[in-house]
Structure formats: structure tokens, C-alpha cells
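Q: Contents of start_2.pdb (PDB, N, CA and C atoms) are given next:
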ATOM      1  N   MET Q 227      55.715  36.961 -11.875
ATOM      2  CA  MET Q 227      57.085  37.274 -11.504
ATOM      3  C   MET Q 227      57.667  38.231 -12.535
ATOM      4  N   ASP Q 228      58.519  39.113 -12.069
ATOM      5  CA  ASP Q 228      59.162  40.027 -13.013
ATOM      6  C   ASP Q 228      60.470  39.424 -13.534
ATOM      7  N   GLU Q 229      61.020  40.065 -14.535
ATOM      8  CA  GLU Q 229      62.230  39.589 -15.234
ATOM      9  C   GLU Q 229      63.395  39.321 -14.278
ATOM     10  N   ASP Q 230      63.661  40.265 -13.379
ATOM     11  CA  ASP Q 230      64.794  40.102 -12.461
ATOM     12  C   ASP Q 230      64.575  38.969 -11.473
ATOM     13  N   ALA Q 231      63.359  38.813 -10.997
ATOM     14  CA  ALA Q 231      63.064  37.735 -10.049
ATOM     15  C   ALA Q 231      63.257  36.372 -10.706
ATOM     16  N   ILE Q 232      62.831  36.251 -11.954
ATOM     17  CA  ILE Q 232      63.000  34.987 -12.671
ATOM     18  C   ILE Q 232      64.485  34.713 -12.909
ATOM     19  N   ARG Q 233      65.234  35.738 -13.319
ATOM     20  CA  ARG Q 233      66.681  35.571 -13.552
ATOM     21  C   ARG Q 233      67.390  35.112 -12.272
ATOM     22  N   ILE Q 234      67.052  35.728 -11.143
ATOM     23  CA  ILE Q 234      67.676  35.357  -9.863
ATOM     24  C   ILE Q 234      67.309  33.930  -9.481
ATOM     25  N   LEU Q 235      66.057  33.565  -9.663
ATOM     26  CA  LEU Q 235      65.611  32.204  -9.345
ATOM     27  C   LEU Q 235      66.333  31.175 -10.207
ATOM     28  N   ILE Q 236      66.408  31.438 -11.505
ATOM     29  CA  ILE Q 236      67.087  30.502 -12.406
ATOM     30  C   ILE Q 236      68.569  30.401 -12.063
ATOM     31  N   ALA Q 237      69.194  31.521 -11.745
ATOM     32  CA  ALA Q 237      70.615  31.498 -11.371
ATOM     33  C   ALA Q 237      70.843  30.663 -10.114
ATOM     34  N   SER Q 238      69.896  30.706  -9.177
ATOM     35  CA  SER Q 238      70.067  29.933  -7.941
ATOM     36  C   SER Q 238      69.805  28.448  -8.151
ATOM     37  N   LEU Q 239      68.994  28.097  -9.153
ATOM     38  CA  LEU Q 239      68.645  26.698  -9.391
ATOM     39  C   LEU Q 239      69.522  26.010 -10.436
ATOM     40  N   SER Q 240      70.266  26.781 -11.207
ATOM     41  CA  SER Q 240      71.041  26.205 -12.307
ATOM     42  C   SER Q 240      72.449  25.834 -11.863
ATOM     43  N   ARG Q 241      73.122  25.129 -12.753
ATOM     44  CA  ARG Q 241      74.521  24.745 -12.526
ATOM     45  C   ARG Q 241      75.251  24.855 -13.860
ATOM     46  N   PRO Q 242      76.578  24.903 -13.819
ATOM     47  CA  PRO Q 242      77.344  25.007 -15.076
ATOM     48  C   PRO Q 242      77.134  23.788 -15.972
ATOM     49  N   HIS Q 243      77.142  24.034 -17.273
ATOM     50  CA  HIS Q 243      76.995  22.976 -18.270
ATOM     51  C   HIS Q 243      78.308  22.870 -19.042
ATOM     52  N   PRO Q 244      78.687  21.678 -19.502
ATOM     53  CA  PRO Q 244      79.945  21.524 -20.251
ATOM     54  C   PRO Q 244      80.040  22.420 -21.496
ATOM     55  N   SER Q 245      78.920  22.889 -22.018
ATOM     56  CA  SER Q 245      78.939  23.750 -23.202
ATOM     57  C   SER Q 245      79.417  25.157 -22.877
ATOM     58  N   GLY Q 246      79.534  25.491 -21.593
ATOM     59  CA  GLY Q 246      79.940  26.823 -21.181
ATOM     60  C   GLY Q 246      78.760  27.634 -20.668
ATOM     61  N   GLY Q 247      77.558  27.176 -20.911
ATOM     62  CA  GLY Q 247      76.361  27.853 -20.429
ATOM     63  C   GLY Q 247      75.939  27.298 -19.086
ATOM     64  N   ASP Q 248      74.658  27.346 -18.836
ATOM     65  CA  ASP Q 248      74.106  26.826 -17.595
ATOM     66  C   ASP Q 248      73.003  25.829 -17.927
ATOM     67  N   VAL Q 249      72.739  24.947 -16.996
ATOM     68  CA  VAL Q 249      71.670  23.959 -17.170
ATOM     69  C   VAL Q 249      70.781  23.995 -15.934
ATOM     70  N   ILE Q 250      69.482  23.879 -16.168
ATOM     71  CA  ILE Q 250      68.531  23.842 -15.065
ATOM     72  C   ILE Q 250      67.634  22.625 -15.245
ATOM     73  N   GLU Q 251      67.482  21.880 -14.188
ATOM     74  CA  GLU Q 251      66.679  20.663 -14.226
ATOM     75  C   GLU Q 251      65.195  21.006 -14.227
ATOM     76  N   ARG Q 252      64.417  20.254 -14.967
ATOM     77  CA  ARG Q 252      62.964  20.453 -15.013
ATOM     78  C   ARG Q 252      62.356  20.249 -13.633
ATOM     79  N   ALA Q 253      62.884  19.311 -12.874
ATOM     80  CA  ALA Q 253      62.376  19.055 -11.524
ATOM     81  C   ALA Q 253      62.559  20.284 -10.629
ATOM     82  N   ALA Q 254      63.671  20.990 -10.782
ATOM     83  CA  ALA Q 254      63.900  22.203  -9.997
ATOM     84  C   ALA Q 254      62.914  23.296 -10.386
ATOM     85  N   ILE Q 255      62.599  23.385 -11.676
ATOM     86  CA  ILE Q 255      61.615  24.371 -12.138
ATOM     87  C   ILE Q 255      60.247  24.060 -11.547
ATOM     88  N   LEU Q 256      59.857  22.790 -11.575
ATOM     89  CA  LEU Q 256      58.565  22.388 -11.029
ATOM     90  C   LEU Q 256      58.500  22.619  -9.521
ATOM     91  N   ALA Q 257      59.601  22.410  -8.828
ATOM     92  CA  ALA Q 257      59.640  22.597  -7.378
ATOM     93  C   ALA Q 257      59.604  24.071  -6.988
ATOM     94  N   ALA Q 258      59.893  24.951  -7.932
ATOM     95  CA  ALA Q 258      59.914  26.386  -7.639
ATOM     96  C   ALA Q 258      58.525  26.951  -7.393
ATOM     97  N   GLY Q 259      57.487  26.220  -7.754
ATOM     98  CA  GLY Q 259      56.139  26.671  -7.452
ATOM     99  C   GLY Q 259      55.297  26.948  -8.683
ATOM    100  N   PRO Q 260      54.274  27.772  -8.513
ATOM    101  CA  PRO Q 260      53.286  27.966  -9.571
ATOM    102  C   PRO Q 260      53.770  28.778 -10.779
ATOM    103  N   ALA Q 261      54.952  29.330 -10.739
ATOM    104  CA  ALA Q 261      55.456  30.145 -11.847
ATOM    105  C   ALA Q 261      56.179  29.311 -12.903
ATOM    106  N   THR Q 262      55.898  28.032 -12.969
ATOM    107  CA  THR Q 262      56.587  27.124 -13.888
ATOM    108  C   THR Q 262      56.510  27.595 -15.333
ATOM    109  N   THR Q 263      55.343  27.952 -15.794
ATOM    110  CA  THR Q 263      55.203  28.371 -17.194
ATOM    111  C   THR Q 263      55.947  29.669 -17.468
ATOM    112  N   GLU Q 264      55.976  30.578 -16.493
ATOM    113  CA  GLU Q 264      56.728  31.826 -16.665
ATOM    114  C   GLU Q 264      58.222  31.548 -16.751
ATOM    115  N   ILE Q 265      58.707  30.630 -15.932
ATOM    116  CA  ILE Q 265      60.134  30.300 -15.918
ATOM    117  C   ILE Q 265      60.539  29.653 -17.237
ATOM    118  N   VAL Q 266      59.770  28.671 -17.695
ATOM    119  CA  VAL Q 266      60.082  28.010 -18.964
ATOM    120  C   VAL Q 266      59.980  29.026 -20.108
ATOM    121  N   GLY Q 267      59.003  29.907 -20.067
ATOM    122  CA  GLY Q 267      58.870  30.949 -21.080
ATOM    123  C   GLY Q 267      60.076  31.866 -21.113
ATOM    124  N   TRP Q 268      60.598  32.217 -19.932
ATOM    125  CA  TRP Q 268      61.791  33.066 -19.852
ATOM    126  C   TRP Q 268      62.990  32.346 -20.453
ATOM    127  N   ILE Q 269      63.129  31.070 -20.134
ATOM    128  CA  ILE Q 269      64.253  30.288 -20.655
ATOM    129  C   ILE Q 269      64.202  30.242 -22.182
ATOM    130  N   VAL Q 270      63.041  29.952 -22.735
ATOM    131  CA  VAL Q 270      62.886  29.863 -24.190
ATOM    132  C   VAL Q 270      63.113  31.237 -24.837
ATOM    133  N   ALA Q 271      62.627  32.303 -24.201
ATOM    134  CA  ALA Q 271      62.803  33.652 -24.737
ATOM    135  C   ALA Q 271      64.263  34.092 -24.747
ATOM    136  N   HIS Q 272      65.087  33.478 -23.903
ATOM    137  CA  HIS Q 272      66.513  33.810 -23.839
ATOM    138  C   HIS Q 272      67.373  32.730 -24.499
ATOM    139  N   ASP Q 273      66.828  32.103 -25.512
ATOM    140  CA  ASP Q 273      67.514  31.104 -26.337
ATOM    141  C   ASP Q 273      67.892  29.827 -25.595
ATOM    142  N   GLY Q 274      67.228  29.544 -24.498
ATOM    143  CA  GLY Q 274      67.440  28.276 -23.812
ATOM    144  C   GLY Q 274      66.786  27.161 -24.609
ATOM    145  N   GLN Q 275      67.393  26.008 -24.607
ATOM    146  CA  GLN Q 275      66.912  24.868 -25.385
ATOM    147  C   GLN Q 275      66.709  23.663 -24.482
ATOM    148  N   PRO Q 276      65.661  22.889 -24.730
ATOM    149  CA  PRO Q 276      65.532  21.625 -23.996
ATOM    150  C   PRO Q 276      66.679  20.699 -24.392
ATOM    151  N   GLU Q 277      67.276  20.065 -23.421
ATOM    152  CA  GLU Q 277      68.373  19.144 -23.722
ATOM    153  C   GLU Q 277      67.827  17.947 -24.478
ATOM    154  N   ALA Q 278      68.541  17.527 -25.472
ATOM    155  CA  ALA Q 278      68.114  16.393 -26.294
ATOM    156  C   ALA Q 278      68.015  15.142 -25.428
ATOM    157  N   ALA Q 279      66.915  14.444 -25.572
ATOM    158  CA  ALA Q 279      66.706  13.207 -24.819
ATOM    159  C   ALA Q 279      67.565  12.101 -25.409
ATOM    160  N   ILE Q 280      68.136  11.317 -24.548
ATOM    161  CA  ILE Q 280      68.932  10.172 -24.966
ATOM    162  C   ILE Q 280      68.009   8.969 -25.019
ATOM    163  N   ALA Q 281      67.971   8.325 -26.146
ATOM    164  CA  ALA Q 281      67.101   7.159 -26.297
ATOM    165  C   ALA Q 281      67.609   6.025 -25.420
ATOM    166  N   ALA Q 282      66.729   5.529 -24.593
ATOM    167  CA  ALA Q 282      67.093   4.419 -23.720
ATOM    168  C   ALA Q 282      67.063   3.117 -24.516
ATOM    169  N   ALA Q 283      67.933   2.233 -24.131
ATOM    170  CA  ALA Q 283      67.953   0.925 -24.782
ATOM    171  C   ALA Q 283      66.672   0.183 -24.436
ATOM    172  N   SER Q 284      66.109  -0.453 -25.403
ATOM    173  CA  SER Q 284      64.883  -1.201 -25.182
ATOM    174  C   SER Q 284      65.178  -2.423 -24.334
ATOM    175  N   THR Q 285      64.372  -2.576 -23.297
ATOM    176  CA  THR Q 285      64.553  -3.750 -22.458
ATOM    177  C   THR Q 285      63.842  -4.945 -23.060
ATOM    178  N   GLY Q 286      62.856  -4.668 -23.930
ATOM    179  CA  GLY Q 286      62.147  -5.747 -24.597
ATOM    180  C   GLY Q 286      61.482  -6.688 -23.611
ATOM    181  N   GLY Q 287      61.171  -7.818 -24.063
ATOM    182  CA  GLY Q 287      60.578  -8.815 -23.199
ATOM    183  C   GLY Q 287      59.135  -8.511 -22.846
ATOM    184  N   LEU Q 288      58.610  -9.331 -22.008
ATOM    185  CA  LEU Q 288      57.207  -9.271 -21.632
ATOM    186  C   LEU Q 288      56.833  -7.963 -20.946
ATOM    187  N   TYR Q 289      57.721  -7.409 -20.104
ATOM    188  CA  TYR Q 289      57.400  -6.223 -19.330
ATOM    189  C   TYR Q 289      58.121  -4.973 -19.824
ATOM    190  N   GLY Q 290      58.697  -5.001 -20.996
ATOM    191  CA  GLY Q 290      59.457  -3.875 -21.521
ATOM    192  C   GLY Q 290      58.672  -2.581 -21.579
ATOM    193  N   MET Q 291      57.478  -2.595 -22.131
ATOM    194  CA  MET Q 291      56.654  -1.393 -22.224
ATOM    195  C   MET Q 291      56.117  -0.970 -20.859
ATOM    196  N   ARG Q 292      55.974  -1.916 -19.978
ATOM    197  CA  ARG Q 292      55.442  -1.615 -18.663
ATOM    198  C   ARG Q 292      56.381  -0.709 -17.881
ATOM    199  N   PHE Q 293      57.681  -0.958 -17.935
ATOM    200  CA  PHE Q 293      58.640  -0.174 -17.174
ATOM    201  C   PHE Q 293      58.814   1.223 -17.741
ATOM    202  N   SER Q 294      58.686   1.384 -19.025
ATOM    203  CA  SER Q 294      58.845   2.702 -19.624
ATOM    204  C   SER Q 294      57.532   3.472 -19.637
ATOM    205  N   GLY Q 295      56.476   2.875 -19.204
ATOM    206  CA  GLY Q 295      55.186   3.525 -19.193
ATOM    207  C   GLY Q 295      54.546   3.575 -20.562
ATOM    208  N   GLY Q 296      55.143   2.913 -21.544
ATOM    209  CA  GLY Q 296      54.596   2.906 -22.880
ATOM    210  C   GLY Q 296      54.811   4.194 -23.642
ATOM    211  N   ARG Q 297      55.620   5.096 -23.103
ATOM    212  CA  ARG Q 297      55.858   6.379 -23.752
ATOM    213  C   ARG Q 297      57.219   6.365 -24.446
ATOM    214  N   THR Q 298      57.264   6.969 -25.599
ATOM    215  CA  THR Q 298      58.538   7.098 -26.294
ATOM    216  C   THR Q 298      59.250   8.330 -25.773
ATOM    217  N   SER Q 299      60.548   8.453 -26.065
ATOM    218  CA  SER Q 299      61.316   9.600 -25.589
ATOM    219  C   SER Q 299      60.823  10.900 -26.211
ATOM    220  N   ALA Q 300      60.198  10.837 -27.395
ATOM    221  CA  ALA Q 300      59.675  12.040 -28.037
ATOM    222  C   ALA Q 300      58.446  12.575 -27.300
ATOM    223  N   GLU Q 301      57.736  11.729 -26.570
ATOM    224  CA  GLU Q 301      56.540  12.140 -25.851
ATOM    225  C   GLU Q 301      56.840  12.693 -24.462
ATOM    226  N   ARG Q 302      58.004  12.439 -23.928
ATOM    227  CA  ARG Q 302      58.344  12.872 -22.581
ATOM    228  C   ARG Q 302      58.772  14.340 -22.583
ATOM    229  N   PRO Q 303      58.465  15.058 -21.509
ATOM    230  CA  PRO Q 303      58.962  16.434 -21.416
ATOM    231  C   PRO Q 303      60.475  16.412 -21.206
ATOM    232  N   PRO Q 304      61.170  17.476 -21.571
ATOM    233  CA  PRO Q 304      62.629  17.484 -21.396
ATOM    234  C   PRO Q 304      63.009  17.420 -19.922
ATOM    235  N   ARG Q 305      64.115  16.766 -19.634
ATOM    236  CA  ARG Q 305      64.575  16.659 -18.247
ATOM    237  C   ARG Q 305      65.279  17.919 -17.781
ATOM    238  N   ARG Q 306      65.883  18.625 -18.698
ATOM    239  CA  ARG Q 306      66.611  19.840 -18.335
ATOM    240  C   ARG Q 306      66.647  20.802 -19.509
ATOM    241  N   TYR Q 307      66.937  22.056 -19.200
ATOM    242  CA  TYR Q 307      67.053  23.107 -20.206
ATOM    243  C   TYR Q 307      68.461  23.670 -20.141
ATOM    244  N   VAL Q 308      69.050  23.921 -21.308
ATOM    245  CA  VAL Q 308      70.409  24.439 -21.389
ATOM    246  C   VAL Q 308      70.334  25.889 -21.867
ATOM    247  N   LEU Q 309      70.958  26.764 -21.095
ATOM    248  CA  LEU Q 309      71.037  28.180 -21.444
ATOM    249  C   LEU Q 309      72.382  28.481 -22.081
ATOM    250  N   PRO Q 310      72.439  29.361 -23.071
ATOM    251  CA  PRO Q 310      73.714  29.696 -23.697
ATOM    252  C   PRO Q 310      74.622  30.463 -22.735
ATOM    253  N   PRO Q 311      75.920  30.468 -22.996
ATOM    254  CA  PRO Q 311      76.856  31.192 -22.128
ATOM    255  C   PRO Q 311      76.495  32.679 -22.008
ATOM    256  N   GLY Q 312      76.606  33.218 -20.816
ATOM    257  CA  GLY Q 312      76.372  34.638 -20.570
ATOM    258  C   GLY Q 312      74.926  35.038 -20.344
ATOM    259  N   THR Q 313      73.999  34.113 -20.388
ATOM    260  CA  THR Q 313      72.582  34.458 -20.232
ATOM    261  C   THR Q 313      72.275  34.964 -18.835
ATOM    262  N   LEU Q 314      72.886  34.389 -17.830
ATOM    263  CA  LEU Q 314      72.580  34.768 -16.454
ATOM    264  C   LEU Q 314      73.521  35.826 -15.889
ATOM    265  N   ASP Q 315      74.409  36.367 -16.700
ATOM    266  CA  ASP Q 315      75.346  37.407 -16.219
ATOM    267  C   ASP Q 315      74.676  38.748 -16.081
TER     268      ASP Q 315
END
Hey, can you dump this file as C-alpha cells for me?
A:
Amino acid sequence: MDEDAIRILIASLSRPHPSGGDVIERAAILAAGPATTEIVGWIVAHDGQPEAAIAAASTGGLYGMRFSGGRTSAERPPRRYVLPPGTLD
């Protein structure tokens, strides 16, 4: 994909973020098709940052690790990427 095609795709999939920039969900990027790595690369190249993961409260107990899949929040891919204001203009 070329630069303009990626910009148009991201603009159509993103929504406003409280920081004044835009946010795009990782699920939307994955649903866009085989250009996932190009899209994430474009976001990172334009100062986009993965949104900080919020640590979930531990449920503990016998099945606590089972529900979380045994993965910590540091091991999970980011749920969304935040672009700075004016990136998609």
C-alpha cells in the first residue's frame, strides 16, 4: 500500500481521542486485511503510540490464571494506537 492509501484507511477506521489526536483499534487494523504490518509501521513512523495497558485486577482463586490465559498485560499486544493531533490532516 502507498502512503496515501494507508492514511485514508487509517482515517476511515479511527475515531477522536480525548488527547486531541485520533485512536485506532488493533482489531480494526487486523480486520483491514493483509497490510497489518504496513499500517502499524505507518502509525509508528508518524509518532503513533500503543495505548498503555490498564492492569486488570487479579481475580485470584483457583481459576484466576485460567481466565486471563496466564498472560500478563506486558505480554499482550496493545488494544489500540493513539496518533498525535494533526497526523491525519
Q: Figure out the distance between CA of Ile232 (chain Q) and CA of Trp268 (chain Q), please, to one decimal in Å.
A: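 Going from CA of Trp268 (chain Q) over to CA of Ile232 (chain Q) covers 7.5 Å.
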Q: Which is closer to Tyr307 (chain Q) than all the others in Q:Gly267, Q:Ala257, Q:Ile250, Q:Ala278, using only N, CA and C atoms?
A: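 Nearest to Tyr307 (chain Q): Q:Ile250.
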Q: I'd like the interatomic distance between CA of Asp228 (chain Q) and atom C of Ala261 (chain Q), to a tenth of an Å.
A: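 Computing it gives 11.1 Å between the two atoms.
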Q: Record the distance separating CA of Ala231 (chain Q) and CA of His272 (chain Q), expressed in Å with one decimal.
A: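 Taking CA of Ala231 (chain Q) and CA of His272 (chain Q), their separation equals 14.7 Å.
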Q: Quick one: of Q:Val266, Q:Leu309, Q:Met227, Q:Ala271, who's nearest to Gly247 (chain Q), counting only N, CA and C atoms?
A: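 Looking at the shortest contact to Gly247 (chain Q), the residue is Q:Leu309.
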Q: Can you spell out as a ChimeraX atom specification the set of residues that the PyMOL selection byres ((chain Q and resi 310) around 8) selects in the structure I just provided?
A: /Q:245-249,272-275,307-309,311-314
Q: Nearest to Arg306 (chain Q): which of Q:Glu277, Q:Leu256, Q:Ile269, Q:Glu229 is it, counting all atoms listed in the file?
A: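 Counting all atoms listed in the file, the residue closest to Arg306 (chain Q) is Q:Glu277.
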Q: Can you tell me, as a VMD selection string, what residues are no more than 12 Å from Asp230 (chain Q) when counting only C-alpha atoms, ignoring any on the same chain fewer than 4 positions away?
A: chain Q and resid 234 to 237 265 268 314 to 315
